[in-house]
Amino acid sequence: MMRLLGALIVVVSLTLAVGACAPGQPMGAAGKSSTTSNTAPAASVGAIQVIEPWARPAVGGGNGAAYIVLKNGGAADKLVSAKSDVAKAVELHTMEMSGSMMQMRPVDGIDVPANGQVELKPGGYHVMLIGLNKELKPNDTFDVRLQFEKAGPVDVKVQVRQP
Ligand SMILES: [Cu+2]
């Protein structure tokens with residue numbers, strides 16, 4: 001069991017090294033969400049709209065990352081977990097600087113501010129897919145169930161595409 005855990009940690013570090021979670025666009029792009037704001041939601045639950053779920057292409061057996069924009073038209077909520085049959089484990093991660101290195105770490109939830117939005121995007125929050133059960137090829141789709149603290153669960157189709 002410890003050996004498996006060790007192997008998993010190695011895989012996660014390798015993925016980090018090759019850039020599945022690598023820093024994405026410069027932070028300057030963060031405030032400009034006009035391209036996503038006008039997009040029809042892929043799904044919605046309660047006051048929450050799930051917009052443009054997508055994932056990077058990735059090899060089977062490796063790790064992947066999925067991204068989404070969560071818009072909230074109501075009171076503050078929180079994305080508390082994600083599940084999918086596409087990977088052996090699914091976690092919510094963030095990226096942060098550790099010295100001069102960008103590193104990712106699991107978080108216990110991602111706040112969705114009242115009457116606002118949060119973006120899961122390269123270089124920031126992401127849905128981490130650990131141990132993919134199949135290759136993720138461009139234009140493939142797979143299902144992810146997002147669980148919100150207040151709004152409850154919602155199923156979304158995630159599309160694979162190049163960043
Ligand atoms: Cu990650």
# chains A, B, ... in the order shown; residues from 1 in each chain; ligands from 1
>>> select_by_dssp(residues="range 15-162 of chain A", states="helix (DSSP H, G or I)", output="MDAnalysis selection string")
chainID A and resid 15:18 27:29 34:37
>>> residues_around(residues="range 119-136 of chain A", least_positions_apart="6", cutoff="7 Å", atoms="only C-alpha atoms", output="PyMOL selection string")
chain A and resi 21-24+57-70+86-95+160
>>> write_last_selection(atoms="N, CA and C atoms", output="PDB file, in the first residue's frame")
ATOM      1  N   CYS A  21      -0.050  20.475 -15.048  1.00  0.00           N
ATOM      2  CA  CYS A  21      -0.565  21.491 -14.150  1.00  0.00           C
ATOM      3  C   CYS A  21       0.304  22.729 -14.227  1.00  0.00           C
ATOM      4  N   ALA A  22       1.055  22.830 -15.282  1.00  0.00           N
ATOM      5  CA  ALA A  22       2.022  23.920 -15.383  1.00  0.00           C
ATOM      6  C   ALA A  22       1.329  25.272 -15.392  1.00  0.00           C
ATOM      7  N   PRO A  23       2.051  26.289 -14.967  1.00  0.00           N
ATOM      8  CA  PRO A  23       1.467  27.626 -15.006  1.00  0.00           C
ATOM      9  C   PRO A  23       0.990  27.971 -16.414  1.00  0.00           C
ATOM     10  N   GLY A  24      -0.168  28.506 -16.504  1.00  0.00           N
ATOM     11  CA  GLY A  24      -0.758  28.773 -17.811  1.00  0.00           C
ATOM     12  C   GLY A  24      -0.529  30.195 -18.257  1.00  0.00           C
ATOM     13  N   PRO A  57      -5.680  17.253 -23.298  1.00  0.00           N
ATOM     14  CA  PRO A  57      -5.391  15.897 -23.757  1.00  0.00           C
ATOM     15  C   PRO A  57      -4.382  15.250 -22.802  1.00  0.00           C
ATOM     16  N   ALA A  58      -4.508  13.936 -22.592  1.00  0.00           N
ATOM     17  CA  ALA A  58      -3.597  13.254 -21.681  1.00  0.00           C
ATOM     18  C   ALA A  58      -3.544  11.774 -22.041  1.00  0.00           C
ATOM     19  N   VAL A  59      -2.469  11.124 -21.644  1.00  0.00           N
ATOM     20  CA  VAL A  59      -2.313   9.709 -21.967  1.00  0.00           C
ATOM     21  C   VAL A  59      -3.032   8.840 -20.936  1.00  0.00           C
ATOM     22  N   GLY A  60      -3.512   7.685 -21.394  1.00  0.00           N
ATOM     23  CA  GLY A  60      -4.134   6.736 -20.484  1.00  0.00           C
ATOM     24  C   GLY A  60      -3.132   6.301 -19.429  1.00  0.00           C
ATOM     25  N   GLY A  61      -3.594   6.134 -18.192  1.00  0.00           N
ATOM     26  CA  GLY A  61      -2.708   5.748 -17.107  1.00  0.00           C
ATOM     27  C   GLY A  61      -2.008   6.925 -16.458  1.00  0.00           C
ATOM     28  N   GLY A  62      -1.970   8.043 -17.162  1.00  0.00           N
ATOM     29  CA  GLY A  62      -1.349   9.246 -16.608  1.00  0.00           C
ATOM     30  C   GLY A  62      -2.362  10.086 -15.847  1.00  0.00           C
ATOM     31  N   ASN A  63      -2.013  11.316 -15.655  1.00  0.00           N
ATOM     32  CA  ASN A  63      -2.904  12.246 -14.957  1.00  0.00           C
ATOM     33  C   ASN A  63      -3.410  13.307 -15.914  1.00  0.00           C
ATOM     34  N   GLY A  64      -4.550  13.884 -15.568  1.00  0.00           N
ATOM     35  CA  GLY A  64      -5.101  14.968 -16.364  1.00  0.00           C
ATOM     36  C   GLY A  64      -5.633  16.059 -15.468  1.00  0.00           C
ATOM     37  N   ALA A  65      -6.058  17.147 -16.108  1.00  0.00           N
ATOM     38  CA  ALA A  65      -6.637  18.258 -15.361  1.00  0.00           C
ATOM     39  C   ALA A  65      -7.818  18.811 -16.133  1.00  0.00           C
ATOM     40  N   ALA A  66      -8.885  19.123 -15.421  1.00  0.00           N
ATOM     41  CA  ALA A  66     -10.078  19.698 -16.039  1.00  0.00           C
ATOM     42  C   ALA A  66     -10.326  21.080 -15.453  1.00  0.00           C
ATOM     43  N   TYR A  67     -10.906  21.936 -16.284  1.00  0.00           N
ATOM     44  CA  TYR A  67     -11.119  23.341 -15.912  1.00  0.00           C
ATOM     45  C   TYR A  67     -12.558  23.744 -16.222  1.00  0.00           C
ATOM     46  N   ILE A  68     -13.077  24.696 -15.454  1.00  0.00           N
ATOM     47  CA  ILE A  68     -14.441  25.181 -15.638  1.00  0.00           C
ATOM     48  C   ILE A  68     -14.561  26.592 -15.082  1.00  0.00           C
ATOM     49  N   VAL A  69     -15.585  27.275 -15.508  1.00  0.00           N
ATOM     50  CA  VAL A  69     -15.968  28.530 -14.860  1.00  0.00           C
ATOM     51  C   VAL A  69     -17.282  28.269 -14.129  1.00  0.00           C
ATOM     52  N   LEU A  70     -17.349  28.659 -12.871  1.00  0.00           N
ATOM     53  CA  LEU A  70     -18.564  28.507 -12.078  1.00  0.00           C
ATOM     54  C   LEU A  70     -19.126  29.885 -11.778  1.00  0.00           C
ATOM     55  N   VAL A  86     -13.640   8.470 -15.272  1.00  0.00           N
ATOM     56  CA  VAL A  86     -12.533   8.550 -16.219  1.00  0.00           C
ATOM     57  C   VAL A  86     -11.181   8.347 -15.539  1.00  0.00           C
ATOM     58  N   ALA A  87     -11.138   8.536 -14.210  1.00  0.00           N
ATOM     59  CA  ALA A  87      -9.869   8.406 -13.489  1.00  0.00           C
ATOM     60  C   ALA A  87     -10.064   7.647 -12.184  1.00  0.00           C
ATOM     61  N   LYS A  88      -8.973   7.093 -11.683  1.00  0.00           N
ATOM     62  CA  LYS A  88      -9.046   6.302 -10.454  1.00  0.00           C
ATOM     63  C   LYS A  88      -9.342   7.194  -9.253  1.00  0.00           C
ATOM     64  N   ALA A  89      -8.859   8.419  -9.298  1.00  0.00           N
ATOM     65  CA  ALA A  89      -9.154   9.364  -8.213  1.00  0.00           C
ATOM     66  C   ALA A  89      -9.303  10.750  -8.800  1.00  0.00           C
ATOM     67  N   VAL A  90     -10.188  11.534  -8.204  1.00  0.00           N
ATOM     68  CA  VAL A  90     -10.406  12.908  -8.659  1.00  0.00           C
ATOM     69  C   VAL A  90     -10.285  13.823  -7.441  1.00  0.00           C
ATOM     70  N   GLU A  91      -9.458  14.837  -7.562  1.00  0.00           N
ATOM     71  CA  GLU A  91      -9.244  15.765  -6.441  1.00  0.00           C
ATOM     72  C   GLU A  91      -9.383  17.201  -6.926  1.00  0.00           C
ATOM     73  N   LEU A  92      -9.667  18.093  -5.987  1.00  0.00           N
ATOM     74  CA  LEU A  92      -9.658  19.529  -6.285  1.00  0.00           C
ATOM     75  C   LEU A  92      -8.284  20.054  -5.875  1.00  0.00           C
ATOM     76  N   HIS A  93      -7.621  20.712  -6.795  1.00  0.00           N
ATOM     77  CA  HIS A  93      -6.259  21.207  -6.543  1.00  0.00           C
ATOM     78  C   HIS A  93      -6.168  22.708  -6.780  1.00  0.00           C
ATOM     79  N   THR A  94      -5.151  23.298  -6.187  1.00  0.00           N
ATOM     80  CA  THR A  94      -4.779  24.660  -6.535  1.00  0.00           C
ATOM     81  C   THR A  94      -3.290  24.671  -6.887  1.00  0.00           C
ATOM     82  N   MET A  95      -2.853  25.742  -7.508  1.00  0.00           N
ATOM     83  CA  MET A  95      -1.419  25.921  -7.799  1.00  0.00           C
ATOM     84  C   MET A  95      -0.950  27.110  -6.985  1.00  0.00           C
ATOM     85  N   VAL A 160     -12.497  17.443 -24.216  1.00  0.00           N
ATOM     86  CA  VAL A 160     -11.035  17.458 -24.291  1.00  0.00           C
ATOM     87  C   VAL A 160     -10.610  18.361 -25.433  1.00  0.00           C
TER      88      VAL A 160
END
>>> atom_distance(atom1="CA of Met102 in chain A", atom2="CA of Gln162 in chain A")
21.0 Å
>>> select_by_dssp(residues="range 81-133 of chain A", states="strand (DSSP E)", output="PyMOL selection string")
chain A and resi 81-83+87-98+101-106+110-112+117-120+126-132
>>> atom_distance(atom1="CA of Asp140 in chain A", atom2="CA of Gln159 in chain A")
5.9 Å
>>> residues_around(residues="range 78-80 of chain A", least_positions_apart="4", cutoff="6 Å", atoms="only C-alpha atoms", output="number ranges by chain")
A: 109-112, 147-149
>>> closest_residue(among="A:Ala40, A:Ile51, A:Val107, A:Ala75", to="ligand 1", atoms="only C-alpha atoms and all ligand atoms")
A:Val107
>>> closest_residue(among="A:Ala55, A:Met104, A:Ala47, A:Val144", to="Lys157 in chain A", atoms="only C-alpha atoms")
A:Val144
